[in-house]
Every structure is written in C-alpha cells, then in structure tokens.
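Next comes data_20.pdb, a file with PDB, C-alpha atoms.
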```pdb
MODEL        1
ATOM      1  CA  MET A 277     -19.819  14.791 -35.826  1.00  0.00           C
ATOM      2  CA  GLY A 278     -19.911  14.345 -39.605  1.00  0.00           C
ATOM      3  CA  VAL A 279     -23.680  14.444 -39.697  1.00  0.00           C
ATOM      4  CA  ASP A 280     -23.753  17.629 -37.632  1.00  0.00           C
ATOM      5  CA  LEU A 281     -21.175  19.284 -39.861  1.00  0.00           C
ATOM      6  CA  LEU A 282     -22.892  18.306 -43.101  1.00  0.00           C
ATOM      7  CA  SER A 283     -26.295  19.266 -41.694  1.00  0.00           C
ATOM      8  CA  GLU A 284     -25.095  22.861 -41.661  1.00  0.00           C
ATOM      9  CA  LEU A 285     -25.320  22.761 -45.463  1.00  0.00           C
ATOM     10  CA  LEU A 286     -29.002  21.790 -45.398  1.00  0.00           C
ATOM     11  CA  PRO A 287     -32.009  24.144 -45.015  1.00  0.00           C
ATOM     12  CA  LEU A 288     -33.045  22.826 -41.611  1.00  0.00           C
ATOM     13  CA  ASP A 289     -34.196  26.181 -40.209  1.00  0.00           C
ATOM     14  CA  ASP A 290     -35.101  29.646 -41.490  1.00  0.00           C
ATOM     15  CA  ALA A 291     -31.519  30.941 -41.422  1.00  0.00           C
ATOM     16  CA  ARG A 292     -30.108  27.997 -43.378  1.00  0.00           C
ATOM     17  CA  ARG A 293     -33.099  28.046 -45.744  1.00  0.00           C
ATOM     18  CA  GLY A 294     -32.186  31.645 -46.553  1.00  0.00           C
ATOM     19  CA  GLU A 295     -28.558  30.640 -47.094  1.00  0.00           C
ATOM     20  CA  VAL A 296     -29.564  27.887 -49.508  1.00  0.00           C
ATOM     21  CA  ILE A 297     -31.792  30.299 -51.438  1.00  0.00           C
ATOM     22  CA  VAL A 298     -28.891  32.746 -51.746  1.00  0.00           C
ATOM     23  CA  TRP A 299     -26.591  29.884 -52.808  1.00  0.00           C
ATOM     24  CA  MET A 300     -29.077  28.804 -55.500  1.00  0.00           C
ATOM     25  CA  GLU A 301     -29.403  32.331 -56.869  1.00  0.00           C
ATOM     26  CA  PHE A 302     -25.648  32.895 -56.689  1.00  0.00           C
ATOM     27  CA  THR A 303     -24.745  29.694 -58.524  1.00  0.00           C
ATOM     28  CA  THR A 304     -27.319  30.454 -61.192  1.00  0.00           C
ATOM     29  CA  ALA A 305     -25.912  33.968 -61.696  1.00  0.00           C
ATOM     30  CA  ALA A 306     -22.348  32.613 -61.729  1.00  0.00           C
ATOM     31  CA  ARG A 307     -23.116  30.554 -64.813  1.00  0.00           C
ATOM     32  CA  ILE A 308     -23.313  33.726 -66.931  1.00  0.00           C
ATOM     33  CA  ASN A 309     -21.193  36.161 -64.921  1.00  0.00           C
ATOM     34  CA  PRO A 310     -17.455  35.406 -65.082  1.00  0.00           C
ATOM     35  CA  VAL A 311     -16.769  37.625 -62.062  1.00  0.00           C
ATOM     36  CA  LEU A 312     -18.918  35.326 -59.941  1.00  0.00           C
ATOM     37  CA  GLY A 313     -17.694  32.167 -61.668  1.00  0.00           C
ATOM     38  CA  ASP A 314     -14.388  31.995 -59.797  1.00  0.00           C
ATOM     39  CA  LEU A 315     -16.074  32.436 -56.437  1.00  0.00           C
ATOM     40  CA  ALA A 316     -18.672  29.793 -57.309  1.00  0.00           C
ATOM     41  CA  GLN A 317     -15.870  27.403 -58.271  1.00  0.00           C
ATOM     42  CA  LYS A 318     -14.110  28.023 -54.951  1.00  0.00           C
ATOM     43  CA  SER A 319     -17.366  27.488 -53.084  1.00  0.00           C
ATOM     44  CA  ALA A 320     -17.994  24.169 -54.846  1.00  0.00           C
ATOM     45  CA  ALA A 321     -14.419  23.060 -54.184  1.00  0.00           C
ATOM     46  CA  GLY A 322     -14.782  24.000 -50.514  1.00  0.00           C
ATOM     47  CA  THR A 323     -17.948  21.924 -50.185  1.00  0.00           C
ATOM     48  CA  ARG A 324     -16.213  18.946 -51.768  1.00  0.00           C
ATOM     49  CA  SER A 325     -13.245  19.369 -49.454  1.00  0.00           C
ATOM     50  CA  LEU A 326     -15.518  19.387 -46.408  1.00  0.00           C
ATOM     51  CA  VAL A 327     -17.407  16.316 -47.596  1.00  0.00           C
ATOM     52  CA  ARG A 328     -14.138  14.500 -48.342  1.00  0.00           C
ATOM     53  CA  GLN A 329     -12.886  15.250 -44.820  1.00  0.00           C
ATOM     54  CA  VAL A 330     -16.066  13.792 -43.319  1.00  0.00           C
ATOM     55  CA  LEU A 331     -15.817  10.711 -45.526  1.00  0.00           C
ATOM     56  CA  THR A 332     -12.173  10.214 -44.616  1.00  0.00           C
ATOM     57  CA  GLY A 333     -13.392   9.427 -41.108  1.00  0.00           C
ATOM     58  CA  ILE A 334     -15.353   6.420 -42.400  1.00  0.00           C
ATOM     59  CA  GLN A 335     -13.186   3.358 -41.989  1.00  0.00           C
ATOM     60  CA  ARG A 336     -14.360   0.938 -44.652  1.00  0.00           C
ATOM     61  CA  ALA A 337     -12.179  -1.084 -46.959  1.00  0.00           C
ATOM     62  CA  GLY A 338     -12.738  -0.361 -50.623  1.00  0.00           C
ATOM     63  CA  LEU A 339     -14.450   2.987 -50.123  1.00  0.00           C
ATOM     64  CA  ASP A 340     -13.976   5.000 -53.321  1.00  0.00           C
ATOM     65  CA  LEU A 341     -13.401   8.416 -51.789  1.00  0.00           C
ATOM     66  CA  ASN A 342     -13.737  10.308 -55.082  1.00  0.00           C
ATOM     67  CA  ALA A 343     -16.998   8.646 -56.091  1.00  0.00           C
ATOM     68  CA  GLU A 344     -18.476   8.875 -52.606  1.00  0.00           C
ATOM     69  CA  THR A 345     -17.548  12.549 -52.342  1.00  0.00           C
ATOM     70  CA  GLU A 346     -19.454  13.313 -55.537  1.00  0.00           C
ATOM     71  CA  ARG A 347     -22.374  11.118 -54.475  1.00  0.00           C
ATOM     72  CA  LEU A 348     -22.695  12.832 -51.102  1.00  0.00           C
ATOM     73  CA  VAL A 349     -22.333  16.324 -52.612  1.00  0.00           C
ATOM     74  CA  ALA A 350     -25.111  15.431 -55.063  1.00  0.00           C
ATOM     75  CA  LEU A 351     -27.286  14.188 -52.200  1.00  0.00           C
ATOM     76  CA  LEU A 352     -26.732  17.386 -50.205  1.00  0.00           C
ATOM     77  CA  ASP A 353     -27.442  19.572 -53.239  1.00  0.00           C
ATOM     78  CA  GLY A 354     -30.566  17.600 -54.118  1.00  0.00           C
ATOM     79  CA  LEU A 355     -31.914  17.666 -50.584  1.00  0.00           C
ATOM     80  CA  SER A 356     -31.239  21.400 -50.323  1.00  0.00           C
ATOM     81  CA  ILE A 357     -32.886  22.286 -53.606  1.00  0.00           C
ATOM     82  CA  ASN A 358     -35.918  20.086 -53.017  1.00  0.00           C
ATOM     83  CA  ALA A 359     -36.407  21.253 -49.429  1.00  0.00           C
ATOM     84  CA  VAL A 360     -36.388  24.882 -50.579  1.00  0.00           C
ATOM     85  CA  LEU A 361     -38.514  24.422 -53.683  1.00  0.00           C
ATOM     86  CA  ARG A 362     -40.950  21.861 -52.227  1.00  0.00           C
ATOM     87  CA  PRO A 363     -40.955  22.120 -48.431  1.00  0.00           C
ATOM     88  CA  ASP A 364     -44.379  20.473 -48.454  1.00  0.00           C
ATOM     89  CA  LEU A 365     -42.727  17.331 -49.833  1.00  0.00           C
ATOM     90  CA  LEU A 366     -39.348  17.413 -48.063  1.00  0.00           C
ATOM     91  CA  SER A 367     -39.124  18.662 -44.497  1.00  0.00           C
ATOM     92  CA  ALA A 368     -36.069  19.377 -42.367  1.00  0.00           C
ATOM     93  CA  ASP A 369     -36.644  16.022 -40.655  1.00  0.00           C
ATOM     94  CA  GLY A 370     -36.738  14.326 -44.044  1.00  0.00           C
ATOM     95  CA  CYS A 371     -33.425  15.921 -45.012  1.00  0.00           C
ATOM     96  CA  THR A 372     -31.814  14.830 -41.767  1.00  0.00           C
ATOM     97  CA  ALA A 373     -33.178  11.295 -42.063  1.00  0.00           C
ATOM     98  CA  ALA A 374     -31.847  10.949 -45.624  1.00  0.00           C
ATOM     99  CA  LEU A 375     -28.402  12.201 -44.599  1.00  0.00           C
ATOM    100  CA  HIS A 376     -28.276   9.874 -41.579  1.00  0.00           C
ATOM    101  CA  ALA A 377     -29.370   6.905 -43.705  1.00  0.00           C
ATOM    102  CA  HIS A 378     -26.776   7.617 -46.378  1.00  0.00           C
ATOM    103  CA  LEU A 379     -23.899   7.896 -43.914  1.00  0.00           C
ATOM    104  CA  ALA A 380     -25.046   4.807 -42.018  1.00  0.00           C
ATOM    105  CA  GLU A 381     -25.154   2.884 -45.302  1.00  0.00           C
ATOM    106  CA  LEU A 382     -21.621   3.999 -46.139  1.00  0.00           C
ATOM    107  CA  GLU A 383     -20.345   2.882 -42.771  1.00  0.00           C
ATOM    108  CA  SER A 384     -21.942  -0.554 -42.887  1.00  0.00           C
ATOM    109  CA  ALA A 385     -22.216  -1.494 -46.552  1.00  0.00           C
ATOM    110  CA  PRO A 386     -20.195  -4.457 -47.791  1.00  0.00           C
ATOM    111  CA  VAL A 387     -17.681  -3.750 -50.496  1.00  0.00           C
ATOM    112  CA  VAL A 388     -18.962  -4.701 -53.953  1.00  0.00           C
ATOM    113  CA  LYS A 389     -16.394  -5.450 -56.623  1.00  0.00           C
TER
ENDMDL
END
```

Show the structure stored in the file as structure tokens.
Amino acid sequence: MGVDLLSELLPLDDARRGEVIVWMEFTTAARINPVLGDLAQKSAAGTRSLVRQVLTGIQRAGLDLNAETERLVALLDGLSINAVLRPDLLSADGCTAALHAHLAELESAPVVK
C-alpha cells in the first residue's frame, strides 16, 4: 500500500506529469511570493507527513524516522523533477523501480550503528 500511495506523487502518467509540472512552477514562484510561501510550506509539510505515515508501517529496529522521511522525500522530489525534465532518461517504470527498491531496502537493511 505504501508504494501505491507514494506513487501518486510521481509523474507516472500524463495527469500526474501535469501535476508535477504545476508543483515545480508553484514552488519556484513561492520562493519570491510570500502569499504563496505559506501554501508551499503547508504542501511540503503534508508530503512529509504522508511519507512519515508510510514509513511508520516499516517495522525495523533502529529506523531513524526523521532521517528516512527526509531521504524518501528527497528521492520522490528527485525522481519527479528528473522524470519531467528528462523523460528520455527516466521513465515511469524507472521511477517505480527506484521507489520499490528504496522501500525494499528499508524493510530489509540491517541496522548500522
């Protein structure tokens, strides 16, 4: 379920590609427009909350929920931006494969101290 939920944030089809393009333009505009800044902050916080909820379902001792939330948000952002800007290099299947691999790694990785 977590993969399906997080996949909604990726540009895996034309509709979601359009949403990511709007998100990119919006976040860029929010950097210089204080009216948009608050909404952009709420949007970013909402994404982090969603990611944290998905990660909470991973039962692994020693999982640093704060660090893994930021790491997964960065992965989702990077996949989204690259898939929109360079679809010839990163396809929808590539995005999905990277997300699956990351979550599988989190679920099975040994704890390193």

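Run against this file, the PyMOL selection byres ((chain A and resi 356-366) around 9) gives back Leu285, Leu286, Pro287, Leu288, Arg293, Gly294, Val296, Ile297, Met300, Leu351, Leu352, Asp353, Gly354, Leu355, Ser367, Ala368, Asp369, Gly370 and Cys371 of chain A.
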
Give me the result of the PyMOL selection byres ((chain A and resi 317-327) around 8) on this file, residue by residue, as an MDAnalysis selection string.
-> chainID A and resid 282 313:316 328:331 345:346 348:349

Just-selected residues, C-alpha atoms written as a PDB file, in the frame of the given file:
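The file below, again.pdb, is the result:
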```pdb
ATOM      1  CA  LEU A 282     -22.892  18.306 -43.101  1.00  0.00           C
ATOM      2  CA  GLY A 313     -17.694  32.167 -61.668  1.00  0.00           C
ATOM      3  CA  ASP A 314     -14.388  31.995 -59.797  1.00  0.00           C
ATOM      4  CA  LEU A 315     -16.074  32.436 -56.437  1.00  0.00           C
ATOM      5  CA  ALA A 316     -18.672  29.793 -57.309  1.00  0.00           C
ATOM      6  CA  ARG A 328     -14.138  14.500 -48.342  1.00  0.00           C
ATOM      7  CA  GLN A 329     -12.886  15.250 -44.820  1.00  0.00           C
ATOM      8  CA  VAL A 330     -16.066  13.792 -43.319  1.00  0.00           C
ATOM      9  CA  LEU A 331     -15.817  10.711 -45.526  1.00  0.00           C
ATOM     10  CA  THR A 345     -17.548  12.549 -52.342  1.00  0.00           C
ATOM     11  CA  GLU A 346     -19.454  13.313 -55.537  1.00  0.00           C
ATOM     12  CA  LEU A 348     -22.695  12.832 -51.102  1.00  0.00           C
ATOM     13  CA  VAL A 349     -22.333  16.324 -52.612  1.00  0.00           C
TER      14      VAL A 349
END
```

CA of Ile334 (chain A) and CA of Ala291 (chain A), how far apart in Å?
-> 29.4 Å

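Atom pair CA of Ala350 (chain A) / CA of Val311 (chain A): separated by 24.7 Å.
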
Selected residue, from A:Ser384, A:Thr303, A:Thr372, A:Asn309, that lies nearest to Leu339 (chain A) when counting only C-alpha atoms = A:Ser384

A:Asp289, A:Leu382, A:Phe302, A:Gly278 ranked by distance to Ala343 (chain A), top pick (using all atoms listed in the file) |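 For Ala343 (chain A), the nearest of the candidates is A:Leu382.
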